[in-house]
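Trainee: Just coords-v2.pdb, nothing more (PDB, C-alpha atoms):
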```
ATOM      1  CA  MET A 761      25.926  90.510 119.664
ATOM      2  CA  VAL A 762      23.166  88.123 118.598
ATOM      3  CA  GLU A 763      21.876  85.686 121.213
ATOM      4  CA  ASN A 764      20.089  82.441 120.595
ATOM      5  CA  PHE A 765      18.649  80.150 123.251
ATOM      6  CA  GLU A 766      18.955  76.534 122.173
ATOM      7  CA  LYS A 767      16.918  73.958 124.088
ATOM      8  CA  VAL A 768      19.180  71.106 125.207
ATOM      9  CA  GLN A 769      17.727  67.790 124.062
ATOM     10  CA  SER A 770      20.289  65.770 122.101
ATOM     11  CA  GLN A 771      23.370  63.988 123.418
ATOM     12  CA  ALA A 772      25.533  66.418 121.418
ATOM     13  CA  GLN A 773      23.861  69.396 123.151
ATOM     14  CA  ILE A 774      24.270  67.731 126.540
ATOM     15  CA  LYS A 775      27.979  67.226 125.863
ATOM     16  CA  ARG A 776      28.365  70.869 124.745
ATOM     17  CA  THR A 777      26.654  71.999 127.968
ATOM     18  CA  SER A 778      28.908  69.810 130.105
ATOM     19  CA  LEU A 779      32.071  71.097 128.381
ATOM     20  CA  LEU A 780      30.895  74.685 128.821
ATOM     21  CA  ALA A 781      30.135  74.005 132.495
ATOM     22  CA  ARG A 782      33.677  72.708 133.015
ATOM     23  CA  LYS A 783      35.224  75.846 131.536
ATOM     24  CA  ILE A 784      32.969  78.263 133.440
ATOM     25  CA  TRP A 785      33.161  76.445 136.778
ATOM     26  CA  GLN A 786      36.933  76.039 136.724
ATOM     27  CA  GLU A 787      37.531  79.721 136.000
ATOM     28  CA  HIS A 788      34.860  81.126 138.316
ATOM     29  CA  TYR A 789      34.405  78.764 141.251
ATOM     30  CA  THR A 790      37.941  77.516 141.928
ATOM     31  CA  PRO A 791      38.847  80.707 143.864
ATOM     32  CA  ILE A 792      35.561  80.523 145.816
ATOM     33  CA  ILE A 793      35.251  76.825 146.746
ATOM     34  CA  GLY A 794      38.542  75.226 145.646
ATOM     35  CA  ILE A 795      39.402  72.864 142.806
ATOM     36  CA  GLU A 796      38.476  69.696 144.720
ATOM     37  CA  GLN A 797      34.875  70.798 145.274
ATOM     38  CA  VAL A 798      34.645  72.156 141.715
ATOM     39  CA  GLU A 799      35.723  68.783 140.294
ATOM     40  CA  TYR A 800      33.319  66.930 142.607
ATOM     41  CA  MET A 801      30.399  69.142 141.606
ATOM     42  CA  LEU A 802      31.222  68.949 137.888
ATOM     43  CA  LYS A 803      31.303  65.149 138.056
ATOM     44  CA  ASN A 804      28.122  64.830 140.103
ATOM     45  CA  PHE A 805      25.986  67.701 138.773
ATOM     46  CA  GLN A 806      27.327  68.824 135.379
ATOM     47  CA  SER A 807      28.626  65.679 133.679
ATOM     48  CA  PRO A 808      26.746  64.463 130.594
ATOM     49  CA  GLU A 809      25.243  61.675 132.702
ATOM     50  CA  ALA A 810      24.123  64.069 135.443
ATOM     51  CA  ILE A 811      22.585  66.498 132.942
ATOM     52  CA  SER A 812      20.774  63.617 131.193
ATOM     53  CA  ASP A 813      19.364  62.484 134.542
ATOM     54  CA  GLN A 814      18.210  66.018 135.366
ATOM     55  CA  LEU A 815      16.478  66.318 131.988
ATOM     56  CA  GLN A 816      14.704  62.991 132.557
ATOM     57  CA  ASN A 817      13.540  64.289 135.952
ATOM     58  CA  GLY A 818      11.897  67.432 134.548
ATOM     59  CA  ALA A 819      14.713  69.978 134.370
ATOM     60  CA  VAL A 820      14.862  72.204 131.298
ATOM     61  CA  TYR A 821      18.265  73.287 129.951
ATOM     62  CA  TYR A 822      19.115  75.921 127.359
ATOM     63  CA  LEU A 823      22.467  76.743 125.809
ATOM     64  CA  VAL A 824      23.124  80.433 125.249
ATOM     65  CA  VAL A 825      24.737  80.909 121.848
ATOM     66  CA  SER A 826      26.170  84.366 121.245
ATOM     67  CA  ALA A 827      27.976  85.444 118.084
ATOM     68  CA  GLY A 828      27.942  81.819 116.966
ATOM     69  CA  GLU A 829      29.609  80.339 120.048
ATOM     70  CA  ASP A 830      28.393  78.620 123.198
ATOM     71  CA  SER A 831      28.583  81.411 125.762
ATOM     72  CA  GLY A 832      26.456  80.256 128.691
ATOM     73  CA  TYR A 833      23.618  78.055 129.818
ATOM     74  CA  LEU A 834      20.658  77.929 132.143
ATOM     75  CA  ALA A 835      18.560  75.239 133.765
ATOM     76  CA  LEU A 836      15.131  75.470 135.337
ATOM     77  CA  GLU A 837      13.416  72.992 137.640
ATOM     78  CA  PRO A 838       9.690  73.785 137.495
ATOM     79  CA  ASP A 839       7.364  72.854 140.363
ATOM     80  CA  PRO A 840       3.857  73.240 138.900
ATOM     81  CA  GLU A 841       2.118  72.342 142.191
ATOM     82  CA  MET A 842       3.786  75.289 143.927
ATOM     83  CA  ALA A 843       3.666  77.600 140.854
ATOM     84  CA  SER A 844       7.392  78.056 141.345
ATOM     85  CA  ALA A 845      10.620  77.159 139.622
ATOM     86  CA  LYS A 846      14.201  76.858 140.729
ATOM     87  CA  LEU A 847      16.719  78.574 138.499
ATOM     88  CA  SER A 848      19.227  75.840 139.199
ATOM     89  CA  LYS A 849      21.851  77.064 136.772
ATOM     90  CA  ILE A 850      22.624  80.329 135.041
ATOM     91  CA  TYR A 851      26.211  80.699 133.913
ATOM     92  CA  VAL A 852      28.013  82.873 131.367
ATOM     93  CA  LEU A 853      31.627  82.645 130.191
ATOM     94  CA  LYS A 854      33.949  85.120 131.869
ATOM     95  CA  ASP A 855      34.728  87.037 128.665
ATOM     96  CA  LYS A 856      30.983  87.367 127.932
ATOM     97  CA  ARG A 857      30.074  88.913 131.276
ATOM     98  CA  ARG A 858      29.289  92.585 131.831
ATOM     99  CA  CYS A 859      27.795  93.033 128.356
ATOM    100  CA  GLY A 860      24.155  92.250 129.142
ATOM    101  CA  LEU A 861      24.205  88.530 128.307
ATOM    102  CA  GLY A 862      23.428  87.473 131.894
ATOM    103  CA  ARG A 863      20.474  89.856 132.031
ATOM    104  CA  LYS A 864      19.142  88.621 128.672
ATOM    105  CA  THR A 865      19.516  85.031 129.845
ATOM    106  CA  LEU A 866      17.638  85.785 133.063
ATOM    107  CA  GLU A 867      14.902  87.593 131.105
ATOM    108  CA  PHE A 868      14.576  84.519 128.864
ATOM    109  CA  ALA A 869      14.302  82.260 131.939
ATOM    110  CA  GLU A 870      11.609  84.533 133.406
ATOM    111  CA  MET A 871       9.667  84.437 130.122
ATOM    112  CA  LEU A 872       9.799  80.620 130.143
ATOM    113  CA  CYS A 873       8.572  80.626 133.744
ATOM    114  CA  ARG A 874       5.674  82.967 133.033
ATOM    115  CA  ASP A 875       4.681  80.739 130.094
ATOM    116  CA  MET A 876       4.614  77.790 132.551
ATOM    117  CA  GLY A 877       2.485  79.713 135.059
ATOM    118  CA  VAL A 878       5.327  80.193 137.532
ATOM    119  CA  LYS A 879       4.704  82.902 140.120
ATOM    120  CA  ASP A 880       7.958  82.664 142.105
ATOM    121  CA  LEU A 881      11.420  82.074 140.701
ATOM    122  CA  TRP A 882      14.102  81.091 143.199
ATOM    123  CA  LEU A 883      17.749  80.142 143.214
ATOM    124  CA  THR A 884      20.609  79.414 145.529
ATOM    125  CA  VAL A 885      23.885  81.295 145.280
ATOM    126  CA  ASN A 886      27.136  80.747 147.155
ATOM    127  CA  ARG A 887      27.338  83.259 150.009
ATOM    128  CA  HIS A 888      30.855  84.249 148.878
ATOM    129  CA  ASN A 889      29.881  84.831 145.240
ATOM    130  CA  HIS A 890      29.501  88.573 145.780
ATOM    131  CA  ALA A 891      29.251  89.576 142.105
ATOM    132  CA  ALA A 892      26.406  87.123 141.469
ATOM    133  CA  ILE A 893      24.569  88.209 144.620
ATOM    134  CA  ALA A 894      24.803  91.841 143.523
ATOM    135  CA  PHE A 895      23.517  90.901 140.057
ATOM    136  CA  TYR A 896      20.537  88.997 141.452
ATOM    137  CA  ARG A 897      19.642  91.856 143.808
ATOM    138  CA  GLN A 898      19.827  94.301 140.925
ATOM    139  CA  GLU A 899      17.449  92.023 138.999
ATOM    140  CA  GLY A 900      14.830  92.012 141.780
ATOM    141  CA  PHE A 901      15.744  88.927 143.828
ATOM    142  CA  THR A 902      15.716  89.144 147.604
ATOM    143  CA  ALA A 903      17.576  86.918 150.052
ATOM    144  CA  ALA A 904      15.053  84.671 151.780
ATOM    145  CA  GLU A 905      17.253  82.432 153.909
ATOM    146  CA  THR A 906      20.654  80.842 154.382
ATOM    147  CA  VAL A 907      20.930  77.249 153.182
ATOM    148  CA  VAL A 908      23.780  74.913 154.103
ATOM    149  CA  GLN A 909      23.472  71.615 152.270
ATOM    150  CA  ASP A 910      25.676  68.516 152.480
ATOM    151  CA  ILE A 911      26.304  67.400 148.892
ATOM    152  CA  GLY A 912      28.440  64.379 149.761
ATOM    153  CA  GLY A 913      32.140  63.786 149.369
ATOM    154  CA  GLY A 914      32.799  65.863 152.477
ATOM    155  CA  PHE A 915      31.527  69.013 150.740
ATOM    156  CA  VAL A 916      28.737  71.441 151.587
ATOM    157  CA  MET A 917      27.065  74.213 149.668
ATOM    158  CA  ASP A 918      26.909  77.375 151.786
ATOM    159  CA  ASP A 919      24.291  79.443 149.986
ATOM    160  CA  TYR A 920      21.674  82.107 150.146
ATOM    161  CA  LYS A 921      18.247  81.245 148.796
ATOM    162  CA  MET A 922      17.002  84.205 146.772
ATOM    163  CA  VAL A 923      13.466  84.662 145.453
ATOM    164  CA  LYS A 924      11.817  86.863 142.841
ATOM    165  CA  SER A 925       8.073  87.212 142.362
ATOM    166  CA  LEU A 926       7.049  87.012 138.721
ATOM    167  CA  SER A 927       3.438  88.005 139.400
ATOM    168  CA  ARG A 928       2.319  90.970 137.389
ATOM    169  CA  GLY A 929       0.552  93.715 139.304
TER     170      GLY A 929
END
```
For the structure just supplied, provide its representation as structure tokens.
Mentor:
Amino acid sequence: MVENFEKVQSQAQIKRTSLLARKIWQEHYTPIIGIEQVEYMLKNFQSPEAISDQLQNGAVYYLVVSAGEDSGYLALEPDPEMASAKLSKIYVLKDKRRCGLGRKTLEFAEMLCRDMGVKDLWLTVNRHNHAAIAFYRQEGFTAAETVVQDIGGGFVMDDYKMVKSLSRG
């Protein structure tokens, strides 16, 4: 399996990312948060317009292309003043999980962060997303706090904030 990380810059890449988000979120998050919240979050956070806005505000997106097909994506929100970055998105298609693609994607994100001088990488993960929590723990993240955030539309995100130090020795 050959992986390629393609920086999202063009409108075509943004659309591909949004379509991939729809497929991944509907299959993975519907059982966890329900279809109504999934649709709300896709519209407000993963639509082409939302992704374009995030890119204009400093986020960095990459498509993960594996065996010639879009298989996942990641987004980072660097904070140079704090020498930190939020891993705001890291998603892999269901049929591409458990074959090392998530780990390779995370390793790529960590390499990007180190190149930017990031010392701490953090993320939020739904408290009921047990498989993802286990993955992040296995990859060296620790739970720092519980975060409940109102995202509008009558919905909240009920997450753990997890942090990983990228400092070497």
Trainee: Sorted by chain and rising residue number, which residues of range 770-850 of chain A lie within 8 Å of range 863-881 of chain A, and what are their closest atom pairs and distances in Å to one decimal, counting all atoms listed in the file, as a tab-separated table?
Mentor:
```
residue	atom	partner	partner_atom	distance
A:Val824	CA	A:Thr865	CA	7.4
A:Leu834	CA	A:Thr865	CA	7.6
A:Leu836	CA	A:Ala869	CA	7.6
A:Pro838	CA	A:Val878	CA	7.8
A:Pro840	CA	A:Val878	CA	7.2
A:Ala843	CA	A:Val878	CA	4.5
A:Ser844	CA	A:Asp880	CA	4.7
A:Ala845	CA	A:Leu881	CA	5.1
A:Lys846	CA	A:Leu881	CA	5.9
A:Leu847	CA	A:Leu881	CA	6.7
A:Ile850	CA	A:Leu866	CA	7.7
```
Trainee: So that I can see what lies close to range 775-785 of chain A, please list as a compact mmCIF listing (two decimals) with C-alpha atoms, keeping the file's coordinate frame the residues with an atom at most 6 Å from it, counting only C-alpha atoms and leaving out residues fewer than 3 positions away in the same chain.
Mentor:
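Result file is part.txt:
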```
# COMPACT_ATOMS: atom_id res chain seq x y z
CA ALA A 772 25.53 66.42 121.42
CA HIS A 788 34.86 81.13 138.32
CA TYR A 789 34.40 78.76 141.25
CA GLN A 806 27.33 68.82 135.38
CA SER A 807 28.63 65.68 133.68
CA PRO A 808 26.75 64.46 130.59
CA LEU A 853 31.63 82.64 130.19
```
Trainee: Set the distance at 7 Å and use all atoms listed in the file: which residues neighbour Met922 in chain A once local chain neighbours fewer than 6 positions away are removed? I'd like the list as a PyMOL selection string.
Mentor: chain A and resi 882-884+901-904
Trainee: Quick check, in Å to one decimal: how far apart do CA of Lys856 in chain A and CA of Ile774 in chain A lie?
Mentor: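 We find that CA of Lys856 in chain A and CA of Ile774 in chain A lie 20.8 Å from each other.
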Trainee: Expressed in Å to a single decimal, how great is the separation between CA of Val852 in chain A and CA of Val916 in chain A?
Mentor: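 Answer for the CA of Val852 in chain A to CA of Val916 in chain A separation: 23.2 Å.
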Trainee: Which value, in Å to one decimal, gives the distance between CA of Glu899 in chain A and CA of Pro791 in chain A?
Mentor: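 Separation between CA of Glu899 in chain A and CA of Pro791 in chain A: 24.7 Å.
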Trainee: Is it possible to get the axis-aligned box enclosing range 882-901 of chain A (all listed atoms, 6 Å extra per side) as lines of an AutoDock Vina configuration file, with centre and edge lengths in Å rounded to one decimal?
Mentor:
```
center_x = 22.5
center_y = 86.9
center_z = 144.5
size_x = 28.8
size_y = 26.9
size_z = 23.0
```
Trainee: Which neighbours of Phe915 in chain A fall inside 12 Å, counting all atoms listed in the file, when residues of the same chain fewer than 6 positions from it are skipped, and could you give them as a PyMOL selection string?
Mentor: chain A and resi 793-801+804+908-909
Trainee: Could you write those residues out with C-alpha atoms, as a PDB file, keeping the file's coordinate frame?
Mentor:
```
ATOM      1  CA  ILE A 793      35.251  76.825 146.746  1.00  0.00           C
ATOM      2  CA  GLY A 794      38.542  75.226 145.646  1.00  0.00           C
ATOM      3  CA  ILE A 795      39.402  72.864 142.806  1.00  0.00           C
ATOM      4  CA  GLU A 796      38.476  69.696 144.720  1.00  0.00           C
ATOM      5  CA  GLN A 797      34.875  70.798 145.274  1.00  0.00           C
ATOM      6  CA  VAL A 798      34.645  72.156 141.715  1.00  0.00           C
ATOM      7  CA  GLU A 799      35.723  68.783 140.294  1.00  0.00           C
ATOM      8  CA  TYR A 800      33.319  66.930 142.607  1.00  0.00           C
ATOM      9  CA  MET A 801      30.399  69.142 141.606  1.00  0.00           C
ATOM     10  CA  ASN A 804      28.122  64.830 140.103  1.00  0.00           C
ATOM     11  CA  VAL A 908      23.780  74.913 154.103  1.00  0.00           C
ATOM     12  CA  GLN A 909      23.472  71.615 152.270  1.00  0.00           C
TER      13      GLN A 909
END
```
Trainee: Applied to the shown file, which residues does the PyMOL selection byres ((chain A and resi 918) around 6) return, written as a list in words?
Mentor: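 That selection, the PyMOL selection byres ((chain A and resi 918) around 6), comes back as Asn886, Val908, Met917 and Asp919 of chain A.
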Trainee: Can you tell me, as a PDB file with C-alpha atoms, in the frame of the given file, what residues are no more than 7 Å from Glu763 in chain A when counting all atoms listed in the file, ignoring any on the same chain fewer than 2 positions away?
Mentor:
```pdb
ATOM      1  CA  MET A 761      25.926  90.510 119.664  1.00  0.00           C
ATOM      2  CA  PHE A 765      18.649  80.150 123.251  1.00  0.00           C
ATOM      3  CA  VAL A 824      23.124  80.433 125.249  1.00  0.00           C
ATOM      4  CA  VAL A 825      24.737  80.909 121.848  1.00  0.00           C
ATOM      5  CA  SER A 826      26.170  84.366 121.245  1.00  0.00           C
ATOM      6  CA  ALA A 827      27.976  85.444 118.084  1.00  0.00           C
TER       7      ALA A 827
END
```
Trainee: Write out as a ChimeraX atom specification which residues come within 10 Å of Glu766 in chain A when counting only C-alpha atoms, dropping same-chain ones fewer than 6 positions away.
Mentor: /A:773,821-825,830,833
Trainee: Print the selection's residues with C-alpha atoms to a file, as an mmCIF file, in the coordinates of the input.
Mentor:
```
data_model
loop_
_atom_site.group_PDB
_atom_site.id
_atom_site.type_symbol
_atom_site.label_atom_id
_atom_site.label_comp_id
_atom_site.auth_asym_id
_atom_site.auth_seq_id
_atom_site.Cartn_x
_atom_site.Cartn_y
_atom_site.Cartn_z
ATOM 1 C CA GLN A 773 23.861 69.396 123.151
ATOM 2 C CA TYR A 821 18.265 73.287 129.951
ATOM 3 C CA TYR A 822 19.115 75.921 127.359
ATOM 4 C CA LEU A 823 22.467 76.743 125.809
ATOM 5 C CA VAL A 824 23.124 80.433 125.249
ATOM 6 C CA VAL A 825 24.737 80.909 121.848
ATOM 7 C CA ASP A 830 28.393 78.620 123.198
ATOM 8 C CA TYR A 833 23.618 78.055 129.818
#
```
Trainee: Which is closest to Glu829 in chain A among A:Asn764, A:Glu905, A:Phe805, A:Gln816, if we use all atoms listed in the file?
Mentor: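 Counting all atoms listed in the file, the residue closest to Glu829 in chain A is A:Asn764.
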